[in-house]
>>> print(open('model.cif').read())   # mmCIF, C-alpha atoms
data_model
#
loop_
_atom_site.label_atom_id
_atom_site.label_comp_id
_atom_site.auth_asym_id
_atom_site.auth_seq_id
_atom_site.Cartn_x
_atom_site.Cartn_y
_atom_site.Cartn_z
CA MET A 1 75.40 91.79 97.40
CA SER A 2 72.61 92.00 100.02
CA SER A 3 72.11 88.22 100.30
CA VAL A 4 75.85 87.77 100.70
CA GLY A 5 75.88 90.39 103.42
CA LYS A 6 73.19 88.47 105.28
CA ALA A 7 75.27 85.30 105.02
CA VAL A 8 78.29 87.04 106.52
CA ALA A 9 76.14 88.43 109.33
CA ALA A 10 74.84 84.93 110.03
CA ALA A 11 78.39 83.63 110.12
CA ALA A 12 79.27 86.30 112.65
CA VAL A 13 76.41 85.19 114.90
CA MET A 14 77.57 81.59 114.62
CA ALA A 15 81.07 82.67 115.56
CA VAL A 16 79.86 84.27 118.77
CA ALA A 17 77.83 81.20 119.63
CA SER A 18 80.44 78.54 118.83
CA GLY A 19 83.65 80.02 120.22
CA ALA A 20 86.97 80.87 118.62
CA SER A 21 89.88 78.92 117.19
CA ALA A 22 93.49 79.82 116.65
CA GLN A 23 94.95 81.04 113.40
CA SER A 24 98.58 80.93 114.41
CA ALA A 25 102.12 80.61 113.05
CA GLY A 26 102.62 77.84 110.49
CA GLN A 27 98.94 77.48 109.57
CA TRP A 28 97.57 77.36 106.00
CA THR A 29 94.09 78.55 105.04
CA ALA A 30 92.03 78.39 101.86
CA LYS A 31 89.07 80.64 101.08
CA VAL A 32 86.39 80.85 98.39
CA GLY A 33 83.88 83.62 97.83
CA ILE A 34 82.75 86.35 95.49
CA ALA A 35 84.21 89.78 94.76
CA GLU A 36 83.00 92.92 93.04
CA ILE A 37 85.59 95.05 91.24
CA THR A 38 84.63 98.68 90.67
CA PRO A 39 87.14 100.82 88.73
CA LYS A 40 87.37 104.41 89.93
CA VAL A 41 88.20 105.84 86.53
CA LYS A 42 90.05 109.05 85.73
CA SER A 43 90.24 109.05 81.97
CA GLY A 44 92.65 110.92 79.74
CA ASP A 45 91.63 112.05 76.27
CA VAL A 46 91.91 109.81 73.23
CA SER A 47 94.67 111.28 71.07
CA ALA A 48 93.93 113.10 67.78
CA PRO A 49 92.16 112.86 65.44
CA ALA A 50 89.45 112.08 68.04
CA LEU A 51 87.08 114.81 69.17
CA PRO A 52 88.74 116.83 72.00
CA GLY A 53 87.58 115.59 75.39
CA THR A 54 86.90 112.03 74.20
CA LYS A 55 87.11 109.97 77.39
CA ALA A 56 86.02 106.58 78.70
CA ASP A 57 84.36 105.07 81.74
CA ILE A 58 84.43 101.41 82.84
CA GLY A 59 81.73 99.37 84.55
CA SER A 60 82.03 96.98 87.50
CA ASP A 61 81.79 93.18 87.53
CA THR A 62 81.32 90.41 90.11
CA LYS A 63 82.97 86.99 89.93
CA PRO A 64 83.98 84.02 92.15
CA ILE A 65 87.39 84.25 93.81
CA PHE A 66 89.65 82.01 95.86
CA SER A 67 92.73 82.64 97.98
CA PHE A 68 95.41 80.90 100.01
CA SER A 69 97.25 82.25 103.02
CA TYR A 70 100.08 81.16 105.29
CA SER A 71 100.66 82.47 108.83
CA LEU A 72 104.28 83.55 109.13
CA THR A 73 103.77 84.42 112.80
CA ASP A 74 100.75 84.60 115.10
CA ASN A 75 99.94 88.04 113.66
CA VAL A 76 101.60 88.22 110.21
CA SER A 77 100.26 86.31 107.19
CA ALA A 78 100.99 86.14 103.46
CA GLU A 79 97.99 85.81 101.12
CA LEU A 80 97.57 85.15 97.40
CA ASP A 81 94.20 86.16 95.89
CA LEU A 82 93.11 84.62 92.59
CA GLY A 83 89.85 84.32 90.70
CA MET A 84 87.94 84.06 87.46
CA PRO A 85 88.52 86.75 84.79
CA PHE A 86 86.36 89.82 85.38
CA LYS A 87 84.54 91.22 82.32
CA HIS A 88 84.29 95.00 82.21
CA THR A 89 82.26 97.13 79.82
CA LEU A 90 83.73 100.36 78.43
CA TYR A 91 81.47 103.39 77.90
CA GLY A 92 81.91 106.77 76.30
CA ASP A 93 82.51 109.72 78.63
CA GLY A 94 83.47 113.37 78.44
CA ALA A 95 82.67 114.77 74.98
CA ILE A 96 81.13 111.44 73.94
CA LYS A 97 79.18 110.71 77.14
CA GLY A 98 75.91 108.97 76.33
CA THR A 99 77.19 107.18 73.24
CA GLY A 100 76.80 103.84 75.02
CA GLU A 101 79.00 100.74 75.02
CA LEU A 102 82.36 101.09 73.26
CA GLY A 103 83.65 97.60 74.01
CA THR A 104 84.53 95.02 76.63
CA VAL A 105 87.72 93.73 78.22
CA LYS A 106 88.52 90.86 80.54
CA ALA A 107 90.81 91.49 83.53
CA LEU A 108 92.61 88.97 85.70
CA PRO A 109 94.16 90.66 88.78
CA PRO A 110 96.15 88.19 90.95
CA THR A 111 97.14 89.93 94.18
CA PHE A 112 99.83 89.12 96.73
CA LEU A 113 99.48 90.69 100.18
CA VAL A 114 101.27 90.67 103.52
CA GLN A 115 98.75 91.10 106.32
CA TYR A 116 98.86 92.06 109.97
CA ARG A 117 96.09 90.41 112.02
CA PHE A 118 95.11 92.10 115.27
CA PHE A 119 94.44 90.40 118.62
CA LYS A 120 95.55 86.97 119.78
CA PRO A 121 95.41 83.89 117.53
CA ASP A 122 92.46 82.44 119.49
CA ALA A 123 90.30 85.59 119.20
CA MET A 124 86.84 85.10 117.71
CA LEU A 125 87.00 88.37 115.78
CA ARG A 126 90.24 89.38 114.04
CA PRO A 127 90.42 92.57 112.00
CA TYR A 128 93.42 92.86 109.70
CA ILE A 129 95.21 95.21 107.33
CA GLY A 130 97.43 94.34 104.41
CA ALA A 131 99.68 95.75 101.69
CA GLY A 132 101.05 94.22 98.53
CA VAL A 133 100.98 94.18 94.73
CA THR A 134 98.43 93.39 92.03
CA TYR A 135 99.31 92.34 88.50
CA ALA A 136 96.56 93.56 86.19
CA TYR A 137 96.40 91.27 83.15
CA PHE A 138 94.03 92.31 80.36
CA ALA A 139 92.76 90.08 77.54
CA LYS A 140 89.99 89.59 74.96
CA GLU A 141 89.52 93.30 74.29
CA THR A 142 86.56 93.69 71.91
CA GLY A 143 85.46 96.96 70.34
CA SER A 144 81.92 97.86 69.26
CA GLY A 145 80.65 99.61 66.14
CA ARG A 146 80.37 102.80 68.18
CA LEU A 147 84.11 102.68 68.89
CA THR A 148 84.86 102.46 65.15
CA ALA A 149 82.48 105.33 64.40
CA ILE A 150 84.22 107.53 66.97
CA SER A 151 87.84 106.63 66.20
CA ASP A 152 87.92 105.99 62.43
CA ILE A 153 84.70 106.80 60.57
CA GLY A 154 84.50 104.78 57.38
CA GLY A 155 87.57 102.71 58.26
CA PRO A 156 87.95 99.09 59.30
CA ALA A 157 86.66 97.92 62.67
CA THR A 158 88.74 99.48 65.45
CA THR A 159 90.41 97.14 67.92
CA PHE A 160 92.29 98.06 71.07
CA LYS A 161 94.77 96.67 73.58
CA VAL A 162 95.06 97.56 77.28
CA LYS A 163 98.60 97.32 78.64
CA ASN A 164 99.23 94.93 81.53
CA LYS A 165 100.53 96.70 84.63
CA LEU A 166 101.81 96.08 88.18
CA ALA A 167 100.05 98.13 90.86
CA SER A 168 100.38 98.63 94.61
CA SER A 169 97.42 97.55 96.75
CA LEU A 170 96.12 98.18 100.28
CA GLN A 171 93.68 95.96 102.17
CA ALA A 172 91.43 95.99 105.24
CA GLY A 173 89.37 93.05 106.40
CA LEU A 174 87.67 91.17 109.20
CA VAL A 175 87.64 87.44 110.06
CA TYR A 176 84.89 85.70 112.07
CA ASN A 177 85.84 82.25 113.36
CA ILE A 178 82.87 79.88 113.04
CA ASN A 179 84.46 76.80 114.64
CA ASP A 180 87.87 75.13 114.91
CA ARG A 181 88.25 74.92 111.13
CA TRP A 182 85.81 77.23 109.36
CA PHE A 183 85.72 81.03 109.20
CA ALA A 184 83.95 83.86 107.37
CA ASP A 185 85.87 86.77 105.88
CA VAL A 186 84.99 90.17 104.45
CA ALA A 187 87.66 92.35 102.84
CA TYR A 188 88.24 95.59 100.95
CA ILE A 189 91.18 96.15 98.59
CA LYS A 190 92.18 99.39 96.89
CA SER A 191 94.72 99.24 94.04
CA PHE A 192 96.52 102.18 92.46
CA LEU A 193 96.60 101.38 88.77
CA LYS A 194 97.43 103.48 85.72
CA THR A 195 97.61 102.02 82.25
CA LYS A 196 97.49 102.88 78.54
CA VAL A 197 95.16 101.89 75.73
CA ASP A 198 96.46 101.49 72.16
CA PHE A 199 93.93 101.58 69.32
CA SER A 200 94.39 99.97 65.90
CA SER A 201 93.50 103.36 64.40
CA GLY A 202 96.81 104.70 65.77
CA GLN A 203 95.33 106.63 68.69
CA THR A 204 96.23 106.16 72.35
CA GLN A 205 94.67 106.93 75.70
CA ASP A 206 96.13 107.12 79.22
CA ILE A 207 93.70 106.01 81.89
CA THR A 208 93.74 105.69 85.69
CA LEU A 209 91.63 102.77 86.89
CA ASP A 210 92.32 102.64 90.67
CA PRO A 211 89.90 99.72 91.21
CA GLN A 212 88.34 98.91 94.55
CA VAL A 213 87.41 95.34 95.43
CA ILE A 214 84.82 94.23 98.00
CA SER A 215 84.78 90.50 98.75
CA VAL A 216 83.08 88.05 101.07
CA GLY A 217 84.03 84.42 101.54
CA ILE A 218 84.15 81.28 103.60
CA GLY A 219 87.48 79.70 104.50
CA TYR A 220 88.99 76.55 105.97
CA LYS A 221 92.06 76.18 108.22
CA PHE A 222 94.47 73.29 107.64
#
>>> encode(input="model.cif", output="structure tokens")
Amino acid sequence: MSSVGKAVAAAAVMAVASGASAQSAGQWTAKVGIAEITPKVKSGDVSAPALPGTKADIGSDTKPIFSFSYSLTDNVSAELDLGMPFKHTLYGDGAIKGTGELGTVKALPPTFLVQYRFFKPDAMLRPYIGAGVTYAYFAKETGSGRLTAISDIGGPATTFKVKNKLASSLQAGLVYNINDRWFADVAYIKSFLKTKVDFSSGQTQDITLDPQVISVGIGYKF
């Protein structure tokens, strides 16, 4: 993320040098960039007959994203964030910490937000906050041999399914206007997500993901 951070800093310098443009009522914007999703996992135990304290952890992933927004007023906007599916790796934790990779899952989290943008529409620098909902859609869950060994020794390969869920989300961000049409954007989103994992071996697991998303992008005003 360091090279991306340098690009955003450069965009900020350009914004100061080139002057500001309005992002006012009735205006559409489109933005592309990259985002890193990092789940902040609080894992429940896998149900019996698993070893007591069998938990899971989930790794982060970075993918391209794109979003569209519409300015309802000079200070209030509605934004839809989309992107490529994120691929997350599942690891053993708790009593099975150190067992390595248990599987992978792809997550697609479209997010709708209503934002409040501070300062006047023609300000060069506009911090903003937002609130909304994220729909966490999970697909292509794939278990490893380690997962089978832990959940059903000697049985068929264990598969699993993560339940799709709707979660509330909060956002904070900052826009740098580069010129009359282009801008740079950095944002942070925190979602509050709990879901459930069902295993083909008959076991279940409740898990809190609470992912945080850090994104940087370049946008265009129509």
>>> resolve_selection(input="model.cif", expression="the PyMOL selection byres ((chain A and resi 34) around 8)", output="tab-separated table (two decimals) with C-alpha atoms, in the frame of the given file")
chain	number	residue	atom	x	y	z
A	32	VAL	CA	86.39	80.85	98.39
A	33	GLY	CA	83.88	83.62	97.83
A	35	ALA	CA	84.21	89.78	94.76
A	36	GLU	CA	83.00	92.92	93.04
A	62	THR	CA	81.32	90.41	90.11
A	63	LYS	CA	82.97	86.99	89.93
A	64	PRO	CA	83.98	84.02	92.15
A	65	ILE	CA	87.39	84.25	93.81
A	215	SER	CA	84.78	90.50	98.75
A	216	VAL	CA	83.08	88.05	101.07
A	217	GLY	CA	84.03	84.42	101.54
>>> resolve_selection(input="model.cif", expression="the PyMOL selection byres ((chain A and resi 85) around 7)", output="PyMOL selection string")
chain A and resi 83-84+86-87+106-108
>>> closest_residue(input="model.cif", among="A:Arg181, A:Arg117, A:Lys97, A:Lys40", to="Ala25 of chain A", atoms="all atoms listed in the file")
A:Arg117
>>> atom_distance(input="model.cif", atom1="atom CA of Thr29 of chain A", atom2="atom CA of Pro110 of chain A")
17.2 Å
>>> residues_around(input="model.cif", residues="segment 135-147 of chain A", least_positions_apart="2", cutoff="6 Å", atoms="all atoms listed in the file", output="compact mmCIF listing (two decimals) with C-alpha atoms, keeping the file's coordinate frame")
# COMPACT_ATOMS: atom_id res chain seq x y z
CA LEU A 102 82.36 101.09 73.26
CA GLY A 103 83.65 97.60 74.01
CA THR A 104 84.53 95.02 76.63
CA VAL A 105 87.72 93.73 78.22
CA LYS A 106 88.52 90.86 80.54
CA ALA A 107 90.81 91.49 83.53
CA LEU A 108 92.61 88.97 85.70
CA PRO A 109 94.16 90.66 88.78
CA PRO A 110 96.15 88.19 90.95
CA ALA A 149 82.48 105.33 64.40
CA ILE A 150 84.22 107.53 66.97
CA THR A 159 90.41 97.14 67.92
CA ASN A 164 99.23 94.93 81.53
CA LYS A 165 100.53 96.70 84.63
CA LEU A 166 101.81 96.08 88.18
>>> residues_around(input="model.cif", residues="Gly94 of chain A", least_positions_apart="2", cutoff="6 Å", atoms="all atoms listed in the file", output="VMD selection string")
chain A and resid 53 to 55 96 to 97
>>> closest_residue(input="model.cif", among="A:Pro127, A:Asp206, A:Pro121, A:Ala167", to="Asp180 of chain A", atoms="all atoms listed in the file")
A:Pro121
>>> closest_residue(input="model.cif", among="A:Thr195, A:Ser168, A:Ser200, A:Ser71", to="Thr111 of chain A", atoms="all atoms listed in the file")
A:Ser168
>>> residues_around(input="model.cif", residues="Gln115 of chain A", least_positions_apart="3", cutoff="6 Å", atoms="all atoms listed in the file", output="PyMOL selection string")
chain A and resi 76-77+129-130
>>> closest_residue(input="model.cif", among="A:Ser43, A:Asp61, A:Leu90, A:Ala123", to="Asn75 of chain A", atoms="only C-alpha atoms")
A:Ala123
>>> resolve_selection(input="model.cif", expression="the PyMOL selection byres ((chain A and resi 193) around 7)", output="list in words")
Ala167, Ser191, Phe192, Lys194, Thr195, Thr208, Leu209 and Asp210 of chain A
